[in-house]
>>> print(open('start-v6.txt').read())   # compact mmCIF, C-alpha atoms and all ligand atoms
# COMPACT_ATOMS: atom_id res chain seq x y z
CA MET A 1 52.42 118.21 27.28
CA LYS A 2 53.60 121.66 26.13
CA GLN A 3 52.71 124.27 28.74
CA GLU A 4 50.85 127.51 28.22
CA ASN A 5 53.40 130.20 28.97
CA THR A 6 51.19 131.61 31.72
CA ALA A 7 50.73 128.35 33.67
CA PRO A 8 53.48 127.44 36.14
CA LEU A 9 55.23 124.19 35.38
CA ARG A 10 54.24 121.65 38.03
CA VAL A 11 57.39 119.77 39.02
CA GLY A 12 57.93 116.58 41.02
CA ILE A 13 61.42 115.83 42.29
CA ALA A 14 62.80 112.32 42.89
CA GLY A 15 65.80 112.05 45.20
CA LEU A 16 66.36 114.35 48.16
CA GLY A 17 69.96 113.58 49.08
CA ARG A 18 73.08 115.73 48.99
CA LEU A 19 72.19 117.40 45.67
CA GLY A 20 68.44 116.70 45.51
CA LYS A 21 67.77 118.97 48.49
CA ARG A 22 69.58 121.81 46.69
CA HIS A 23 67.56 121.33 43.50
CA ALA A 24 64.37 121.14 45.57
CA GLU A 25 65.19 124.44 47.28
CA GLN A 26 65.83 126.08 43.91
CA LEU A 27 62.55 124.82 42.48
CA ALA A 28 60.51 125.75 45.54
CA ARG A 29 61.99 129.20 46.08
CA HIS A 30 64.00 130.54 43.18
CA THR A 31 62.85 129.17 39.82
CA PRO A 32 60.48 131.48 37.96
CA GLY A 33 57.64 129.70 36.19
CA ALA A 34 57.85 126.52 38.28
CA ARG A 35 56.03 125.11 41.31
CA LEU A 36 57.48 122.20 43.27
CA VAL A 37 54.28 120.24 43.86
CA ALA A 38 55.59 116.76 44.72
CA ALA A 39 58.62 114.90 46.01
CA CYS A 40 59.63 111.26 46.03
CA SER A 41 62.14 109.38 48.18
CA PRO A 42 62.16 105.99 49.90
CA VAL A 43 63.49 107.74 53.03
CA ALA A 44 60.70 109.04 55.29
CA GLU A 45 62.88 111.73 56.92
CA GLU A 46 63.66 113.20 53.50
CA LEU A 47 59.96 113.47 52.69
CA ASP A 48 59.35 115.08 56.11
CA TRP A 49 62.07 117.61 55.25
CA ALA A 50 60.37 118.43 51.93
CA ARG A 51 57.01 119.00 53.64
CA GLU A 52 58.30 120.88 56.66
CA THR A 53 61.04 122.97 55.04
CA LEU A 54 59.62 123.64 51.60
CA GLY A 55 55.89 123.00 52.07
CA VAL A 56 55.78 120.40 49.29
CA PRO A 57 52.19 119.13 49.34
CA ARG A 58 52.33 115.67 47.76
CA LEU A 59 54.90 113.12 48.93
CA TYR A 60 55.58 109.68 47.49
CA ALA A 61 57.77 106.83 48.74
CA ASP A 62 57.36 105.05 45.41
CA TYR A 63 58.54 106.54 42.09
CA ALA A 64 55.71 104.81 40.16
CA GLU A 65 53.20 106.74 42.29
CA LEU A 66 54.94 110.03 41.51
CA LEU A 67 54.66 109.26 37.80
CA ALA A 68 50.99 108.31 38.15
CA ASP A 69 50.20 111.77 39.56
CA PRO A 70 48.35 113.56 36.73
CA GLU A 71 49.02 116.98 38.31
CA ILE A 72 52.75 116.80 37.51
CA ASP A 73 54.13 118.12 34.22
CA ALA A 74 57.86 117.53 34.77
CA VAL A 75 60.11 115.28 36.82
CA VAL A 76 63.57 116.21 38.16
CA LEU A 77 65.71 113.13 38.85
CA VAL A 78 68.43 113.46 41.49
CA THR A 79 68.53 109.79 42.37
CA PRO A 80 71.51 107.40 42.42
CA THR A 81 73.21 107.10 39.02
CA THR A 82 72.19 103.45 38.58
CA LEU A 83 68.49 104.49 38.49
CA HIS A 84 68.75 107.40 36.02
CA ALA A 85 68.20 105.54 32.76
CA ASP A 86 65.14 103.51 33.77
CA GLN A 87 63.58 106.43 35.64
CA THR A 88 64.09 108.75 32.64
CA SER A 89 62.40 106.30 30.27
CA ALA A 90 59.54 105.74 32.71
CA ALA A 91 58.99 109.50 33.11
CA LEU A 92 58.84 110.00 29.34
CA ARG A 93 56.38 107.11 28.97
CA ALA A 94 54.24 108.68 31.72
CA GLY A 95 54.01 111.87 29.65
CA LYS A 96 56.34 114.01 31.76
CA HIS A 97 59.21 116.27 30.79
CA VAL A 98 62.37 115.07 32.51
CA PHE A 99 65.56 116.56 33.87
CA VAL A 100 68.11 113.92 34.83
CA GLU A 101 71.28 114.48 36.77
CA LYS A 102 74.53 113.35 35.18
CA PRO A 103 75.54 110.73 34.18
CA LEU A 104 72.52 109.30 32.35
CA SER A 105 74.09 105.85 32.57
CA LEU A 106 77.55 104.35 32.97
CA ASP A 107 76.93 102.35 29.82
CA VAL A 108 76.58 103.67 26.24
CA ALA A 109 74.05 101.05 25.10
CA THR A 110 71.77 102.01 27.98
CA CYS A 111 72.06 105.72 27.11
CA GLU A 112 71.16 104.93 23.51
CA ALA A 113 68.13 102.91 24.63
CA VAL A 114 66.87 105.92 26.60
CA GLU A 115 67.46 108.17 23.58
CA ALA A 116 65.33 105.76 21.52
CA VAL A 117 62.49 106.10 24.04
CA ALA A 118 62.83 109.91 23.95
CA ARG A 119 62.46 109.90 20.16
CA ASP A 120 58.93 108.52 20.66
CA TYR A 121 58.06 111.61 22.75
CA PRO A 122 59.40 114.55 20.72
CA ASP A 123 57.14 117.08 22.46
CA GLN A 124 58.60 116.32 25.88
CA VAL A 125 61.87 117.82 27.05
CA ALA A 126 64.56 115.35 28.17
CA MET A 127 67.60 117.23 29.45
CA VAL A 128 70.74 116.02 31.19
CA GLY A 129 72.31 118.11 33.96
CA PHE A 130 75.76 119.21 32.83
CA VAL A 131 75.62 122.19 35.15
CA ARG A 132 78.89 123.81 34.14
CA ARG A 133 77.46 124.95 30.81
CA PHE A 134 75.27 127.33 32.84
CA ASP A 135 78.11 128.83 34.86
CA PRO A 136 78.48 132.49 33.77
CA SER A 137 82.28 132.19 33.38
CA TYR A 138 82.07 129.07 31.21
CA ALA A 139 79.25 130.65 29.19
CA ARG A 140 81.39 133.74 28.60
CA ALA A 141 84.34 131.62 27.46
CA LYS A 142 82.10 129.66 25.09
CA ALA A 143 80.67 132.87 23.62
CA ALA A 144 84.21 134.17 23.02
CA ILE A 145 85.18 130.92 21.28
CA ASP A 146 82.06 131.05 19.12
CA ALA A 147 82.93 134.65 18.20
CA GLY A 148 86.34 133.45 16.96
CA GLN A 149 88.40 135.15 19.67
CA LEU A 150 90.68 132.12 20.13
CA GLY A 151 91.05 131.37 16.45
CA ARG A 152 90.62 127.62 16.04
CA PRO A 153 90.39 125.93 19.46
CA PHE A 154 92.37 122.67 19.41
CA LEU A 155 93.20 121.76 23.01
CA VAL A 156 91.21 121.63 26.26
CA ARG A 157 92.84 121.01 29.64
CA SER A 158 90.20 120.53 32.29
CA GLN A 159 90.16 119.32 35.87
CA THR A 160 87.67 118.54 38.60
CA CYS A 161 89.37 118.30 41.96
CA ASP A 162 87.67 117.90 45.33
CA GLN A 163 89.04 118.70 48.74
CA ASN A 164 90.19 115.59 50.56
CA ASP A 165 87.44 114.13 52.73
CA PRO A 166 89.19 112.10 55.45
CA ALA A 167 85.89 110.30 56.16
CA GLY A 168 86.04 108.99 52.56
CA PHE A 169 82.34 109.34 51.67
CA PHE A 170 83.21 108.84 48.01
CA VAL A 171 84.91 105.50 48.76
CA ARG A 172 81.52 104.10 49.80
CA PHE A 173 79.95 105.89 46.81
CA ALA A 174 82.56 104.66 44.26
CA PRO A 175 80.96 101.31 43.32
CA SER A 176 77.74 103.02 42.20
CA SER A 177 79.30 106.23 40.82
CA GLY A 178 81.19 104.39 38.09
CA GLY A 179 84.55 105.65 39.32
CA ILE A 180 86.34 108.97 39.34
CA PHE A 181 86.16 109.62 35.60
CA MET A 182 82.44 108.89 35.22
CA ASP A 183 81.62 110.81 38.38
CA CYS A 184 83.91 113.87 38.08
CA SER A 185 85.51 114.01 34.64
CA VAL A 186 82.18 113.49 32.87
CA HIS A 187 81.66 117.25 33.39
CA ASP A 188 85.08 118.05 31.86
CA ILE A 189 84.36 115.69 28.98
CA ASP A 190 81.12 117.50 28.25
CA LEU A 191 82.89 120.87 28.45
CA ALA A 192 85.62 119.72 26.06
CA ARG A 193 83.03 118.57 23.51
CA TRP A 194 81.14 121.84 23.90
CA MET A 195 84.20 124.10 23.66
CA LEU A 196 85.67 122.18 20.69
CA GLY A 197 82.41 122.11 18.71
CA ASN A 198 81.38 118.46 19.30
CA PRO A 199 84.16 116.65 17.43
CA LYS A 200 84.07 112.86 17.34
CA ALA A 201 86.32 111.21 19.94
CA VAL A 202 88.49 108.43 18.50
CA ARG A 203 90.90 107.27 21.23
CA ALA A 204 91.46 107.54 24.97
CA PHE A 205 94.28 106.73 27.34
CA ALA A 206 94.15 106.96 31.13
CA SER A 207 96.25 106.38 34.19
CA GLY A 208 95.80 107.03 37.86
CA THR A 209 97.06 106.51 41.35
CA ILE A 210 95.78 106.08 44.88
CA ALA A 211 97.37 108.80 46.99
CA LEU A 212 95.30 108.62 50.18
CA HIS A 213 92.35 106.20 49.96
CA PRO A 214 93.37 102.52 49.65
CA GLY A 215 89.70 101.53 50.09
CA LEU A 216 89.25 102.31 46.38
CA THR A 217 91.40 99.34 45.34
CA ASP A 218 88.52 96.88 45.69
CA CYS A 219 86.42 98.59 43.04
CA GLY A 220 89.33 99.34 40.69
CA ASP A 221 89.10 103.08 41.25
CA VAL A 222 91.77 105.73 42.00
CA ASP A 223 91.68 109.00 43.93
CA ASN A 224 93.75 110.84 41.29
CA GLY A 225 93.14 110.14 37.60
CA LEU A 226 94.61 111.48 34.35
CA ALA A 227 93.31 111.01 30.82
CA ILE A 228 94.05 112.11 27.27
CA VAL A 229 91.36 111.99 24.58
CA GLU A 230 92.02 112.35 20.86
CA PHE A 231 89.36 113.70 18.54
CA GLU A 232 88.98 113.31 14.79
CA GLY A 233 90.39 116.43 13.14
CA GLY A 234 93.32 116.78 15.55
CA GLN A 235 91.73 118.31 18.64
CA ARG A 236 92.90 116.93 21.97
CA ALA A 237 91.70 117.04 25.58
CA MET A 238 93.49 116.35 28.85
CA PHE A 239 91.55 115.63 32.02
CA TYR A 240 92.64 115.49 35.65
CA ALA A 241 90.38 114.44 38.51
CA SER A 242 91.31 114.32 42.17
CA ARG A 243 89.62 113.58 45.49
CA THR A 244 92.61 114.61 47.58
CA LEU A 245 93.28 118.35 47.25
CA PRO A 246 94.39 119.74 50.62
CA HIS A 247 92.97 123.26 50.20
CA GLY A 248 89.46 123.05 48.70
CA HIS A 249 87.52 122.40 45.51
CA GLU A 250 89.30 123.49 42.34
CA THR A 251 87.57 123.07 39.01
CA THR A 252 89.53 124.69 36.18
CA THR A 253 89.50 124.62 32.42
CA GLU A 254 91.84 126.06 29.80
CA VAL A 255 90.99 126.20 26.13
CA ILE A 256 93.91 126.76 23.77
CA GLY A 257 93.32 128.08 20.26
CA THR A 258 95.47 129.20 17.35
CA THR A 259 95.21 132.91 18.25
CA GLY A 260 94.36 132.92 21.94
CA THR A 261 93.63 130.96 25.08
CA VAL A 262 91.08 131.26 27.86
CA GLN A 263 91.35 130.06 31.45
CA ILE A 264 88.32 129.52 33.67
CA GLY A 265 88.26 129.08 37.44
CA PHE A 266 91.97 129.03 38.29
CA GLY A 267 92.85 129.75 41.92
CA ALA A 268 89.72 128.29 43.60
CA HIS A 269 88.92 131.70 45.08
CA ALA A 270 85.93 131.62 47.44
CA ASP A 271 85.64 135.41 47.17
CA ARG A 272 87.70 138.39 46.00
CA THR A 273 89.63 138.93 49.25
CA GLU A 274 93.39 138.40 49.41
CA PHE A 275 95.72 138.93 52.36
CA ARG A 276 99.41 139.71 51.96
CA ASN A 277 101.94 139.43 54.79
CA ALA A 278 105.38 138.01 55.56
CA ALA A 279 104.01 134.49 55.04
CA GLY A 280 102.95 135.34 51.48
CA VAL A 281 99.60 135.87 49.74
CA GLN A 282 96.50 134.08 50.99
CA HIS A 283 92.87 133.78 50.00
CA THR A 284 90.10 131.46 51.12
CA ALA A 285 89.45 128.49 48.84
CA LEU A 286 86.08 127.19 47.67
CA PRO A 287 84.97 124.30 49.91
CA ASP A 288 83.02 122.20 47.40
CA PHE A 289 81.36 121.98 43.99
CA PHE A 290 78.13 123.51 45.23
CA ALA A 291 79.82 126.69 46.43
CA ARG A 292 81.53 126.94 43.02
CA PHE A 293 78.44 126.25 40.91
CA GLU A 294 75.58 127.61 43.00
CA ASP A 295 74.59 130.17 40.36
CA ALA A 296 74.94 127.60 37.62
CA PHE A 297 72.57 125.18 39.41
CA ARG A 298 69.98 127.97 39.61
CA LEU A 299 70.41 128.94 35.95
CA GLU A 300 70.32 125.29 34.87
CA MET A 301 66.94 124.73 36.54
CA GLU A 302 65.62 127.98 35.05
CA ALA A 303 66.69 126.77 31.60
CA PHE A 304 64.96 123.41 32.09
CA VAL A 305 61.73 125.08 33.16
CA ALA A 306 61.89 127.57 30.27
CA ALA A 307 62.44 124.69 27.83
CA CYS A 308 59.43 122.78 29.22
CA ARG A 309 57.33 125.93 28.87
CA GLY A 310 58.36 126.19 25.23
CA GLU A 311 60.25 129.46 25.76
CA ILE A 312 63.68 128.16 24.64
CA ALA A 313 65.06 125.09 22.91
CA PRO A 314 66.48 122.58 25.41
CA PRO A 315 70.12 123.63 25.86
CA LEU A 316 71.25 120.03 26.44
CA THR A 317 69.90 116.76 25.13
CA LEU A 318 70.23 113.08 25.96
CA SER A 319 72.67 112.78 23.08
CA ASP A 320 75.10 115.01 25.01
CA ALA A 321 74.77 112.53 27.87
CA THR A 322 75.42 109.55 25.59
CA GLU A 323 78.55 111.10 24.05
CA ALA A 324 80.00 111.99 27.45
CA THR A 325 79.38 108.44 28.65
CA ARG A 326 80.96 107.04 25.46
CA ILE A 327 84.19 108.92 26.21
CA GLY A 328 84.01 108.35 29.98
CA GLN A 329 83.52 104.62 29.46
CA ALA A 330 86.60 104.42 27.17
CA ILE A 331 88.70 106.36 29.68
CA THR A 332 87.58 104.08 32.51
CA GLU A 333 88.35 100.99 30.43
CA SER A 334 91.83 102.37 29.69
CA LEU A 335 92.46 103.03 33.38
CA ARG A 336 91.62 99.41 34.17
CA SER A 337 93.51 97.81 31.25
CA GLY A 338 96.50 100.18 31.10
CA LEU A 339 96.07 100.32 27.31
CA PRO A 340 94.79 102.98 24.89
CA VAL A 341 91.15 102.37 23.95
CA ALA A 342 89.69 103.07 20.50
CA ILE A 343 86.31 104.84 20.61
CA ALA A 344 83.81 103.53 18.06
P1 LIG B 401 72.56 110.91 47.49
O1 LIG B 401 72.88 109.46 47.74
O2 LIG B 401 72.91 111.90 48.52
O3 LIG B 401 71.00 111.04 47.18
C1 LIG B 401 70.25 110.10 46.44
C2 LIG B 401 68.78 110.31 46.77
O4 LIG B 401 67.98 109.41 45.97
C3 LIG B 401 68.40 110.05 48.22
O5 LIG B 401 67.49 111.04 48.61
C4 LIG B 401 67.69 108.69 48.16
O6 LIG B 401 66.77 108.55 49.22
C5 LIG B 401 66.99 108.83 46.83
N1 LIG B 401 66.55 107.58 46.23
C6 LIG B 401 67.15 106.36 46.26
N2 LIG B 401 66.40 105.47 45.58
C7 LIG B 401 65.32 106.15 45.10
C8 LIG B 401 64.20 105.78 44.31
N3 LIG B 401 64.04 104.52 43.86
N4 LIG B 401 63.28 106.73 44.00
C9 LIG B 401 63.42 107.99 44.43
N5 LIG B 401 64.46 108.40 45.19
C10 LIG B 401 65.41 107.48 45.51
O7 LIG B 401 73.26 111.25 46.09
P2 LIG B 401 73.70 112.68 45.52
O8 LIG B 401 75.08 112.97 45.92
O9 LIG B 401 72.63 113.68 45.82
O10 LIG B 401 73.74 112.37 43.94
C11 LIG B 401 72.55 112.12 43.21
C12 LIG B 401 72.88 112.20 41.73
O11 LIG B 401 73.31 113.51 41.42
C13 LIG B 401 74.01 111.24 41.31
O12 LIG B 401 73.66 110.64 40.10
C14 LIG B 401 75.21 112.16 41.09
O13 LIG B 401 76.04 111.72 40.03
C15 LIG B 401 74.55 113.47 40.72
N6 LIG B 401 75.35 114.63 41.16
C16 LIG B 401 75.61 115.61 40.24
C17 LIG B 401 76.40 116.69 40.58
C18 LIG B 401 76.66 117.75 39.60
O14 LIG B 401 77.68 118.44 39.71
N7 LIG B 401 75.82 117.94 38.61
C19 LIG B 401 77.00 116.81 41.92
C20 LIG B 401 76.58 115.76 42.85
C21 LIG B 401 75.81 114.71 42.45
>>> encode(input="start-v6.txt", output="structure tokens")
Amino acid sequence: MKQENTAPLRVGIAGLGRLGKRHAEQLARHTPGARLVAACSPVAEELDWARETLGVPRLYADYAELLADPEIDAVVLVTPTTLHADQTSAALRAGKHVFVEKPLSLDVATCEAVEAVARDYPDQVAMVGFVRRFDPSYARAKAAIDAGQLGRPFLVRSQTCDQNDPAGFFVRFAPSSGGIFMDCSVHDIDLARWMLGNPKAVRAFASGTIALHPGLTDCGDVDNGLAIVEFEGGQRAMFYASRTLPHGHETTTEVIGTTGTVQIGFGAHADRTEFRNAAGVQHTALPDFFARFEDAFRLEMEAFVAACRGEIAPPLTLSDATEATRIGQAITESLRSGLPVAIA
């Protein structure tokens, strides 16, 4: 299914919720080399939105019908996490390239089964959406590490922290998200692997607490979680995830090396304005992950389309998804058991 470089990639999107609508807008309006030709959702209003707002011509309530459409080259999956693995395999078997939002699955064996399917279709791109790799600041830090500017990087401290949502949307979402580590820290886990050069993880320990949302107790989740991961060769990573920040969304990462360190994203600045007065120094904080990573979402979709068109190698593979799930699963198990978990 490799595309001629001149032909636009014909994309069908599945899932038009909170994030799916954003991806759809990117594909319809801002992604060079792509045309959003179809959309799929079981919710009629979402399909109406795709037709009326973006002019998407072909609309499907059933994912199997989307895959049966011969005029689609690539599928973008922004559906609930529990559907990702089966829908990825089905897209590959239908001859489509596939972009799947993170996480691929909450379970390592399921990730590996999807990887096995992908091996049967080596000419099709299968890429997982770890969007932070496309953020210009993270990319710059990674380039500096690769150029040796930190010496030997041995420690990553990384956090994903959301502003508190008193309505507790994520409490309802928690049973299907796999919990705070699989939902939020999976990004930090991927970043740690990337920044440290993909070392093998050997052990994880996690703890957490419920600061504001007791509704999480029923599904064994927390609204503030901490984890330490040990890698073969001595590298270490520390992760913090929170749903209860009072001021805004604050995703930060620090990489510590033998001759230097780099910090990314500290301060949660929404822009470059700061006010100083008798009360102190103030700036506006980022409201949510999309405001922080808007550019990265655009660049991520551009990279997927370029990979499908044969212009670049896929920057992320399903194996990256499997390894992040392997670590995320061990962390989650440790949170529940209270014990360190060996990673096979
Ligand atoms: P959502 O619940 O708002 O949207 C899910 C969408 O899937 C809805 O449009 C729903 O109608 C549709 N859907 C449900 N069953 C379907 C089916 N069988 N076929 C086609 N469509 C179906 O969820 P949200 O927040 O948009 O998250 C979607 C995925 O994106 C999740 O896996 C989540 O982990 C991931 N995500 C990734 C982020 C990132 O930073 N990369 C940020 C937010 C979400």
>>> residues_around(input="start-v6.txt", residues="Gly220 in chain A", least_positions_apart="4", cutoff="10 Å", atoms="only C-alpha atoms", output="PyMOL selection string")
chain A and resi 174-175+178-179+215-216+332+335-336
>>> write_last_selection(input="start-v6.txt", atoms="C-alpha atoms", output="PDB file, in the coordinates of the input")
ATOM      1  CA  ALA A 174      82.560 104.660  44.260  1.00  0.00           C
ATOM      2  CA  PRO A 175      80.960 101.310  43.320  1.00  0.00           C
ATOM      3  CA  GLY A 178      81.190 104.390  38.090  1.00  0.00           C
ATOM      4  CA  GLY A 179      84.550 105.650  39.320  1.00  0.00           C
ATOM      5  CA  GLY A 215      89.700 101.530  50.090  1.00  0.00           C
ATOM      6  CA  LEU A 216      89.250 102.310  46.380  1.00  0.00           C
ATOM      7  CA  THR A 332      87.580 104.080  32.510  1.00  0.00           C
ATOM      8  CA  LEU A 335      92.460 103.030  33.380  1.00  0.00           C
ATOM      9  CA  ARG A 336      91.620  99.410  34.170  1.00  0.00           C
TER      10      ARG A 336
END
>>> residues_near_ligand(input="start-v6.txt", ligand="ligand LIG 401 (chain B)", cutoff="7 Å", atoms="all atoms listed in the file", output="number ranges by chain")
A: 14-20, 40-43, 46, 62-63, 78-81, 83, 101-103, 129-131, 177, 183, 289
>>> closest_residue(input="start-v6.txt", among="A:Phe154, A:Phe266, A:Phe231, A:Trp194", to="Arg292 in chain A", atoms="only C-alpha atoms")
A:Phe266
>>> residues_near_point(input="start-v6.txt", point="(59.5, 102.8, 25.6)", cutoff="8 Å", atoms="all atoms listed in the file", output="list of chain:residue names")
A:Ser89, A:Ala90, A:Arg93, A:Ala116, A:Val117, A:Asp120
>>> closest_residue(input="start-v6.txt", among="A:Gly208, A:Gly257, A:Gly310, A:Gly148", to="Ala7 in chain A", atoms="all atoms listed in the file")
A:Gly310
>>> closest_atom_pairs(input="start-v6.txt", of="range 212-268 of chain A", to="range 324-327 of chain A", cutoff="12 Å", atoms="only C-alpha atoms", output="CSV")
residue,atom,partner,partner_atom,distance
A:Ala227,CA,A:Ile327,CA,10.4
A:Ile228,CA,A:Ile327,CA,10.4
A:Val229,CA,A:Ile327,CA,8.0
A:Glu230,CA,A:Ile327,CA,10.1
A:Phe231,CA,A:Ile327,CA,10.4
A:Ala237,CA,A:Ile327,CA,11.1
A:Phe239,CA,A:Ile327,CA,11.5
>>> atom_distance(input="start-v6.txt", atom1="CA of Asp190 in chain A", atom2="CA of Gln329 in chain A")
13.2 Å
>>> residues_around(input="start-v6.txt", residues="Glu302 in chain A", least_positions_apart="3", cutoff="10 Å", atoms="only C-alpha atoms", output="PyMOL selection string")
chain A and resi 26-27+30-34+134+296-299+305-308
>>> atom_distance(input="start-v6.txt", atom1="CA of Thr53 in chain A", atom2="CA of Gly12 in chain A")
15.7 Å
>>> closest_residue(input="start-v6.txt", among="A:Arg243, A:His23, A:Lys96, A:Arg309", to="Ile72 in chain A", atoms="only C-alpha atoms")
A:Lys96
>>> closest_residue(input="start-v6.txt", among="A:Met182, A:Ile145, A:Val171, A:Ala291", to="Met195 in chain A", atoms="only C-alpha atoms")
A:Ile145
>>> residues_around(input="start-v6.txt", residues="Thr253 in chain A", least_positions_apart="2", cutoff="12 Å", atoms="only C-alpha atoms", output="compact mmCIF listing (two decimals) with C-alpha atoms, in the frame of the given file")
# COMPACT_ATOMS: atom_id res chain seq x y z
CA ARG A 132 78.89 123.81 34.14
CA SER A 137 82.28 132.19 33.38
CA TYR A 138 82.07 129.07 31.21
CA ALA A 141 84.34 131.62 27.46
CA LYS A 142 82.10 129.66 25.09
CA LEU A 155 93.20 121.76 23.01
CA VAL A 156 91.21 121.63 26.26
CA ARG A 157 92.84 121.01 29.64
CA SER A 158 90.20 120.53 32.29
CA GLN A 159 90.16 119.32 35.87
CA THR A 160 87.67 118.54 38.60
CA CYS A 161 89.37 118.30 41.96
CA SER A 185 85.51 114.01 34.64
CA HIS A 187 81.66 117.25 33.39
CA ASP A 188 85.08 118.05 31.86
CA ILE A 189 84.36 115.69 28.98
CA ASP A 190 81.12 117.50 28.25
CA LEU A 191 82.89 120.87 28.45
CA ALA A 192 85.62 119.72 26.06
CA MET A 195 84.20 124.10 23.66
CA ALA A 237 91.70 117.04 25.58
CA MET A 238 93.49 116.35 28.85
CA PHE A 239 91.55 115.63 32.02
CA TYR A 240 92.64 115.49 35.65
CA ALA A 241 90.38 114.44 38.51
CA GLU A 250 89.30 123.49 42.34
CA THR A 251 87.57 123.07 39.01
CA VAL A 255 90.99 126.20 26.13
CA ILE A 256 93.91 126.76 23.77
CA THR A 261 93.63 130.96 25.08
CA VAL A 262 91.08 131.26 27.86
CA GLN A 263 91.35 130.06 31.45
CA ILE A 264 88.32 129.52 33.67
CA GLY A 265 88.26 129.08 37.44
CA PHE A 266 91.97 129.03 38.29
CA GLY A 267 92.85 129.75 41.92
CA ALA A 268 89.72 128.29 43.60
>>> build_atoms(input="start-v6.txt", residues="range 102-118 of chain A", atoms="N, CA and C atoms", output="mmCIF file, keeping the file's coordinate frame")
data_model
loop_
_atom_site.group_PDB
_atom_site.id
_atom_site.type_symbol
_atom_site.label_atom_id
_atom_site.label_comp_id
_atom_site.auth_asym_id
_atom_site.auth_seq_id
_atom_site.Cartn_x
_atom_site.Cartn_y
_atom_site.Cartn_z
ATOM 1 N N LYS A 102 73.476 114.112 35.871
ATOM 2 C CA LYS A 102 74.530 113.350 35.180
ATOM 3 C C LYS A 102 75.028 112.239 36.088
ATOM 4 N N PRO A 103 75.622 111.164 35.567
ATOM 5 C CA PRO A 103 75.540 110.730 34.180
ATOM 6 C C PRO A 103 74.218 109.996 33.940
ATOM 7 N N LEU A 104 73.778 109.988 32.666
ATOM 8 C CA LEU A 104 72.520 109.300 32.350
ATOM 9 C C LEU A 104 72.656 107.811 32.647
ATOM 10 N N SER A 105 73.785 107.247 32.254
ATOM 11 C CA SER A 105 74.090 105.850 32.570
ATOM 12 C C SER A 105 75.601 105.685 32.458
ATOM 13 N N LEU A 106 76.121 104.635 33.071
ATOM 14 C CA LEU A 106 77.550 104.350 32.970
ATOM 15 C C LEU A 106 77.848 103.556 31.704
ATOM 16 N N ASP A 107 76.811 103.273 30.930
ATOM 17 C CA ASP A 107 76.930 102.350 29.820
ATOM 18 C C ASP A 107 76.293 102.977 28.566
ATOM 19 N N VAL A 108 77.041 102.991 27.458
ATOM 20 C CA VAL A 108 76.580 103.670 26.240
ATOM 21 C C VAL A 108 75.294 103.046 25.694
ATOM 22 N N ALA A 109 75.239 101.707 25.669
ATOM 23 C CA ALA A 109 74.050 101.050 25.100
ATOM 24 C C ALA A 109 72.801 101.461 25.863
ATOM 25 N N THR A 110 72.931 101.597 27.176
ATOM 26 C CA THR A 110 71.770 102.010 27.980
ATOM 27 C C THR A 110 71.379 103.448 27.658
ATOM 28 N N CYS A 111 72.365 104.323 27.498
ATOM 29 C CA CYS A 111 72.060 105.720 27.110
ATOM 30 C C CYS A 111 71.312 105.736 25.784
ATOM 31 N N GLU A 112 71.795 104.926 24.836
ATOM 32 C CA GLU A 112 71.160 104.930 23.510
ATOM 33 C C GLU A 112 69.732 104.403 23.582
ATOM 34 N N ALA A 113 69.501 103.436 24.474
ATOM 35 C CA ALA A 113 68.130 102.910 24.630
ATOM 36 C C ALA A 113 67.204 104.006 25.165
ATOM 37 N N VAL A 114 67.700 104.829 26.074
ATOM 38 C CA VAL A 114 66.870 105.920 26.600
ATOM 39 C C VAL A 114 66.625 106.961 25.498
ATOM 40 N N GLU A 115 67.643 107.238 24.706
ATOM 41 C CA GLU A 115 67.460 108.170 23.580
ATOM 42 C C GLU A 115 66.365 107.662 22.636
ATOM 43 N N ALA A 116 66.349 106.339 22.417
ATOM 44 C CA ALA A 116 65.330 105.760 21.520
ATOM 45 C C ALA A 116 63.929 105.987 22.099
ATOM 46 N N VAL A 117 63.796 105.834 23.405
ATOM 47 C CA VAL A 117 62.490 106.100 24.040
ATOM 48 C C VAL A 117 62.129 107.577 23.840
ATOM 49 N N ALA A 118 63.103 108.462 24.053
ATOM 50 C CA ALA A 118 62.830 109.910 23.950
ATOM 51 C C ALA A 118 62.368 110.284 22.542
#
